[in-house]
>>> print(open('my_file-v8.pdb').read())   # PDB, C-alpha atoms
MODEL        1
ATOM      1  CA  MET K   1      62.902 109.441  22.403  1.00  0.00           C
ATOM      2  CA  SER K   2      64.414 110.110  19.042  1.00  0.00           C
ATOM      3  CA  THR K   3      65.700 112.984  17.015  1.00  0.00           C
ATOM      4  CA  LEU K   4      64.021 113.896  13.746  1.00  0.00           C
ATOM      5  CA  THR K   5      67.045 113.191  11.584  1.00  0.00           C
ATOM      6  CA  GLY K   6      69.345 111.062  13.713  1.00  0.00           C
ATOM      7  CA  PRO K   7      69.464 107.721  15.431  1.00  0.00           C
ATOM      8  CA  CYS K   8      67.138 106.713  18.223  1.00  0.00           C
ATOM      9  CA  TRP K   9      68.507 107.764  21.571  1.00  0.00           C
ATOM     10  CA  ALA K  10      67.465 107.423  25.180  1.00  0.00           C
ATOM     11  CA  LEU K  11      68.637 108.267  28.660  1.00  0.00           C
ATOM     12  CA  HIS K  12      68.951 105.329  31.025  1.00  0.00           C
ATOM     13  CA  PRO K  13      69.754 105.552  34.751  1.00  0.00           C
ATOM     14  CA  ALA K  14      73.392 104.783  35.513  1.00  0.00           C
ATOM     15  CA  ALA K  15      74.467 102.157  38.008  1.00  0.00           C
ATOM     16  CA  PRO K  16      77.671 101.931  40.056  1.00  0.00           C
ATOM     17  CA  SER K  17      78.838  99.229  37.639  1.00  0.00           C
ATOM     18  CA  ASP K  18      78.882 101.816  34.793  1.00  0.00           C
ATOM     19  CA  LEU K  19      81.722 103.797  36.368  1.00  0.00           C
ATOM     20  CA  GLU K  20      84.648 102.304  34.471  1.00  0.00           C
ATOM     21  CA  ARG K  21      83.113 102.528  31.018  1.00  0.00           C
ATOM     22  CA  ILE K  22      82.222 106.170  31.644  1.00  0.00           C
ATOM     23  CA  ALA K  23      85.756 106.818  32.957  1.00  0.00           C
ATOM     24  CA  GLU K  24      87.199 105.242  29.789  1.00  0.00           C
ATOM     25  CA  LEU K  25      84.951 107.355  27.581  1.00  0.00           C
ATOM     26  CA  ARG K  26      85.978 110.468  29.518  1.00  0.00           C
ATOM     27  CA  ALA K  27      89.643 109.698  28.844  1.00  0.00           C
ATOM     28  CA  VAL K  28      89.005 109.310  25.103  1.00  0.00           C
ATOM     29  CA  VAL K  29      86.800 112.385  24.740  1.00  0.00           C
ATOM     30  CA  MET K  30      88.862 114.760  26.872  1.00  0.00           C
ATOM     31  CA  ARG K  31      92.312 113.707  25.689  1.00  0.00           C
ATOM     32  CA  PRO K  32      92.660 116.186  22.766  1.00  0.00           C
ATOM     33  CA  ASP K  33      91.669 119.218  24.875  1.00  0.00           C
ATOM     34  CA  LEU K  34      93.720 118.147  27.882  1.00  0.00           C
ATOM     35  CA  GLU K  35      96.772 117.523  25.680  1.00  0.00           C
ATOM     36  CA  ARG K  36      96.310 120.936  24.050  1.00  0.00           C
ATOM     37  CA  LEU K  37      96.320 122.487  27.539  1.00  0.00           C
ATOM     38  CA  GLY K  38      99.324 120.386  28.607  1.00  0.00           C
ATOM     39  CA  ARG K  39      97.246 118.666  31.312  1.00  0.00           C
ATOM     40  CA  TYR K  40      96.643 115.128  30.060  1.00  0.00           C
ATOM     41  CA  ASP K  41      97.509 112.455  32.593  1.00  0.00           C
ATOM     42  CA  GLU K  42      96.480 108.880  31.792  1.00  0.00           C
ATOM     43  CA  HIS K  43      95.558 108.065  35.404  1.00  0.00           C
ATOM     44  CA  ARG K  44      94.214 111.420  36.576  1.00  0.00           C
ATOM     45  CA  VAL K  45      91.703 111.797  33.725  1.00  0.00           C
ATOM     46  CA  ARG K  46      89.947 108.632  34.904  1.00  0.00           C
ATOM     47  CA  GLN K  47      90.432 109.162  38.632  1.00  0.00           C
ATOM     48  CA  ARG K  48      88.770 112.574  38.586  1.00  0.00           C
ATOM     49  CA  LEU K  49      85.570 110.931  37.372  1.00  0.00           C
ATOM     50  CA  ARG K  50      85.890 108.116  39.902  1.00  0.00           C
ATOM     51  CA  ASP K  51      86.180 110.707  42.681  1.00  0.00           C
ATOM     52  CA  VAL K  52      82.878 112.451  41.812  1.00  0.00           C
ATOM     53  CA  PHE K  53      80.772 109.731  40.184  1.00  0.00           C
ATOM     54  CA  ALA K  54      77.189 109.971  41.416  1.00  0.00           C
ATOM     55  CA  PRO K  55      75.162 107.231  39.727  1.00  0.00           C
ATOM     56  CA  GLU K  56      71.957 108.518  41.308  1.00  0.00           C
ATOM     57  CA  HIS K  57      72.280 111.723  39.235  1.00  0.00           C
ATOM     58  CA  THR K  58      73.889 110.211  36.138  1.00  0.00           C
ATOM     59  CA  SER K  59      72.259 108.922  32.983  1.00  0.00           C
ATOM     60  CA  LEU K  60      73.738 106.776  30.273  1.00  0.00           C
ATOM     61  CA  VAL K  61      73.149 108.023  26.768  1.00  0.00           C
ATOM     62  CA  LEU K  62      72.085 105.162  24.541  1.00  0.00           C
ATOM     63  CA  ALA K  63      72.130 105.502  20.760  1.00  0.00           C
ATOM     64  CA  ASP K  64      70.315 102.804  18.834  1.00  0.00           C
ATOM     65  CA  GLY K  65      70.263 100.834  22.108  1.00  0.00           C
ATOM     66  CA  GLU K  66      74.038 100.942  22.651  1.00  0.00           C
ATOM     67  CA  PHE K  67      76.111 102.844  25.215  1.00  0.00           C
ATOM     68  CA  ALA K  68      77.131 106.133  23.584  1.00  0.00           C
ATOM     69  CA  GLY K  69      77.798 108.473  26.482  1.00  0.00           C
ATOM     70  CA  SER K  70      76.840 109.840  29.848  1.00  0.00           C
ATOM     71  CA  VAL K  71      75.553 112.981  31.497  1.00  0.00           C
ATOM     72  CA  THR K  72      75.177 114.017  35.116  1.00  0.00           C
ATOM     73  CA  LEU K  73      72.647 116.588  36.278  1.00  0.00           C
ATOM     74  CA  ARG K  74      73.332 117.122  39.954  1.00  0.00           C
ATOM     75  CA  PRO K  75      71.234 119.298  42.257  1.00  0.00           C
ATOM     76  CA  VAL K  76      73.110 122.160  43.921  1.00  0.00           C
ATOM     77  CA  GLU K  77      71.947 124.973  46.166  1.00  0.00           C
ATOM     78  CA  SER K  78      71.548 127.390  43.256  1.00  0.00           C
ATOM     79  CA  GLY K  79      69.835 125.001  40.810  1.00  0.00           C
ATOM     80  CA  TRP K  80      71.588 122.278  38.831  1.00  0.00           C
ATOM     81  CA  TRP K  81      75.165 121.403  37.891  1.00  0.00           C
ATOM     82  CA  LEU K  82      75.626 119.743  34.497  1.00  0.00           C
ATOM     83  CA  GLU K  83      78.765 117.610  34.347  1.00  0.00           C
ATOM     84  CA  ASN K  84      80.337 114.520  32.870  1.00  0.00           C
ATOM     85  CA  PHE K  85      78.559 115.015  29.549  1.00  0.00           C
ATOM     86  CA  TYR K  86      80.511 112.810  27.191  1.00  0.00           C
ATOM     87  CA  LEU K  87      79.531 111.341  23.849  1.00  0.00           C
ATOM     88  CA  SER K  88      81.498 108.729  21.992  1.00  0.00           C
ATOM     89  CA  PRO K  89      83.308 110.176  18.985  1.00  0.00           C
ATOM     90  CA  ALA K  90      81.388 107.611  16.889  1.00  0.00           C
ATOM     91  CA  VAL K  91      78.095 109.441  17.548  1.00  0.00           C
ATOM     92  CA  GLN K  92      79.291 113.035  17.785  1.00  0.00           C
ATOM     93  CA  GLY K  93      77.941 115.363  15.127  1.00  0.00           C
ATOM     94  CA  ARG K  94      74.684 113.446  14.712  1.00  0.00           C
ATOM     95  CA  GLY K  95      72.479 115.686  16.861  1.00  0.00           C
ATOM     96  CA  ILE K  96      72.404 113.442  19.906  1.00  0.00           C
ATOM     97  CA  GLY K  97      74.223 115.900  22.182  1.00  0.00           C
ATOM     98  CA  THR K  98      71.831 118.659  21.170  1.00  0.00           C
ATOM     99  CA  ALA K  99      68.801 116.438  21.755  1.00  0.00           C
ATOM    100  CA  VAL K 100      70.028 115.282  25.163  1.00  0.00           C
ATOM    101  CA  LEU K 101      70.837 118.826  26.237  1.00  0.00           C
ATOM    102  CA  ARG K 102      67.423 120.084  25.086  1.00  0.00           C
ATOM    103  CA  ALA K 103      65.680 117.346  27.072  1.00  0.00           C
ATOM    104  CA  LEU K 104      67.628 118.142  30.246  1.00  0.00           C
ATOM    105  CA  LEU K 105      67.109 121.888  29.879  1.00  0.00           C
ATOM    106  CA  GLY K 106      63.398 121.319  29.357  1.00  0.00           C
ATOM    107  CA  ARG K 107      63.300 119.728  32.804  1.00  0.00           C
ATOM    108  CA  THR K 108      65.277 122.494  34.488  1.00  0.00           C
ATOM    109  CA  ASP K 109      63.260 125.221  32.726  1.00  0.00           C
ATOM    110  CA  ALA K 110      60.047 123.622  34.025  1.00  0.00           C
ATOM    111  CA  GLU K 111      61.461 123.996  37.551  1.00  0.00           C
ATOM    112  CA  GLY K 112      62.605 127.573  36.933  1.00  0.00           C
ATOM    113  CA  ALA K 113      66.149 126.558  37.866  1.00  0.00           C
ATOM    114  CA  ASP K 114      69.551 127.844  36.775  1.00  0.00           C
ATOM    115  CA  VAL K 115      72.022 125.367  35.281  1.00  0.00           C
ATOM    116  CA  ARG K 116      75.768 125.755  35.652  1.00  0.00           C
ATOM    117  CA  LEU K 117      78.706 123.882  34.185  1.00  0.00           C
ATOM    118  CA  ASP K 118      82.362 124.210  33.426  1.00  0.00           C
ATOM    119  CA  VAL K 119      84.066 123.471  30.141  1.00  0.00           C
ATOM    120  CA  LEU K 120      87.758 123.396  29.260  1.00  0.00           C
ATOM    121  CA  GLN K 121      89.065 126.547  27.644  1.00  0.00           C
ATOM    122  CA  GLY K 122      89.004 126.153  23.864  1.00  0.00           C
ATOM    123  CA  SER K 123      86.742 123.103  23.905  1.00  0.00           C
ATOM    124  CA  PRO K 124      84.362 122.856  20.950  1.00  0.00           C
ATOM    125  CA  ALA K 125      81.668 121.767  23.457  1.00  0.00           C
ATOM    126  CA  ARG K 126      81.409 125.377  24.581  1.00  0.00           C
ATOM    127  CA  ARG K 127      79.685 126.292  21.297  1.00  0.00           C
ATOM    128  CA  LEU K 128      76.989 123.687  21.987  1.00  0.00           C
ATOM    129  CA  TYR K 129      76.308 125.185  25.402  1.00  0.00           C
ATOM    130  CA  GLU K 130      76.286 128.769  24.114  1.00  0.00           C
ATOM    131  CA  ARG K 131      73.797 127.819  21.372  1.00  0.00           C
ATOM    132  CA  HIS K 132      71.500 126.695  24.187  1.00  0.00           C
ATOM    133  CA  GLY K 133      71.692 129.939  26.140  1.00  0.00           C
ATOM    134  CA  PHE K 134      74.669 129.407  28.443  1.00  0.00           C
ATOM    135  CA  THR K 135      76.731 132.517  29.100  1.00  0.00           C
ATOM    136  CA  LEU K 136      80.096 133.068  30.695  1.00  0.00           C
ATOM    137  CA  GLU K 137      79.953 133.546  34.449  1.00  0.00           C
ATOM    138  CA  ARG K 138      83.701 133.416  35.160  1.00  0.00           C
ATOM    139  CA  GLU K 139      86.850 131.791  33.867  1.00  0.00           C
ATOM    140  CA  ASP K 140      90.359 130.799  34.776  1.00  0.00           C
ATOM    141  CA  PRO K 141      93.267 129.643  32.603  1.00  0.00           C
ATOM    142  CA  ILE K 142      91.864 126.085  32.394  1.00  0.00           C
ATOM    143  CA  ASP K 143      88.066 126.313  32.626  1.00  0.00           C
ATOM    144  CA  ALA K 144      85.193 128.543  31.578  1.00  0.00           C
ATOM    145  CA  TYR K 145      82.241 128.505  33.990  1.00  0.00           C
ATOM    146  CA  LEU K 146      78.911 128.990  32.267  1.00  0.00           C
ATOM    147  CA  VAL K 147      75.378 129.589  33.522  1.00  0.00           C
ATOM    148  CA  ARG K 148      71.984 129.315  31.885  1.00  0.00           C
ATOM    149  CA  ARG K 149      68.972 131.037  33.362  1.00  0.00           C
ATOM    150  CA  PRO K 150      65.629 129.265  32.945  1.00  0.00           C
ATOM    151  CA  ARG K 151      63.541 129.946  29.885  1.00  0.00           C
ATOM    152  CA  THR K 152      59.886 130.625  30.470  1.00  0.00           C
TER
ENDMDL
END
>>> encode(input="my_file-v8.pdb", output="structure tokens")
Amino acid sequence: MSTLTGPCWALHPAAPSDLERIAELRAVVMRPDLERLGRYDEHRVRQRLRDVFAPEHTSLVLADGEFAGSVTLRPVESGWWLENFYLSPAVQGRGIGTAVLRALLGRTDAEGADVRLDVLQGSPARRLYERHGFTLEREDPIDAYLVRRPRT
């Protein structure tokens, strides 16, 4: 797959051996927002991913053949849960996140399934999700919980 104006990208199934590089990327990507919220902890930011890592539902994002991120689309009773969507700062702003999200939402729309996620309050990632039809379902002081109904 490729975007019209950006680098070639692809989703590749994750393996258990990918855990630590995804955990490292999570720490890099989430650090500014977690620090802004006063919640950054060098160990905890990685451990939270280790505690929930599900390689069977996780894809690596490859850009020009190189590891550039990850995304998990996990089945839940009410549809799908989108989580652990991280892109390396080196590829952010090049349309890859949009392309990956469109591809995943195309799959869930074909199933007629809702997609839910949570995003840190104040995170710029929220704008990406809202541009793709996610709306606020509920929030707390740390997270906003968004839902997207299927498009027909």
>>> residues_near_point(input="my_file-v8.pdb", point="(78.7, 121.3, 19.9)", cutoff="10 Å", atoms="all atoms listed in the file", output="list in words")
Gln92, Gly93, Gly95, Gly97, Thr98, Ser123, Pro124, Ala125, Arg126, Arg127, Leu128, Tyr129, Glu130, Arg131 and His132 of chain K
>>> atom_distance(input="my_file-v8.pdb", atom1="atom CA of Leu117 of chain K", atom2="atom CA of Tyr145 of chain K")
5.8 Å
>>> atom_distance(input="my_file-v8.pdb", atom1="atom CA of Pro89 of chain K", atom2="atom CA of Val29 of chain K")
7.1 Å
>>> residues_around(input="my_file-v8.pdb", residues="Leu101 of chain K", least_positions_apart="5", cutoff="12 Å", atoms="all atoms listed in the file", output="PyMOL selection string")
chain K and resi 10-11+61+70-73+82-83+85-87+95-96+106-109+115+125+128-134+148
>>> closest_residue(input="my_file-v8.pdb", among="K:Leu136, K:Ala113, K:Leu146, K:Leu25", to="Glu77 of chain K", atoms="all atoms listed in the file")
K:Ala113
>>> closest_residue(input="my_file-v8.pdb", among="K:Gly112, K:Pro55, K:Gly65, K:Pro16", to="Trp80 of chain K", atoms="all atoms listed in the file")
K:Gly112
>>> atom_distance(input="my_file-v8.pdb", atom1="atom CA of Ala14 of chain K", atom2="atom CA of Arg149 of chain K")
26.7 Å
>>> closest_residue(input="my_file-v8.pdb", among="K:Val52, K:Val119, K:Cys8, K:Val45", to="Ala23 of chain K", atoms="only C-alpha atoms")
K:Val45
>>> closest_residue(input="my_file-v8.pdb", among="K:Arg26, K:Leu120, K:Glu137, K:Leu105", to="Arg151 of chain K", atoms="only C-alpha atoms")
K:Leu105
>>> closest_residue(input="my_file-v8.pdb", among="K:Ala63, K:Asp118, K:Glu24, K:His57", to="Glu42 of chain K", atoms="all atoms listed in the file")
K:Glu24
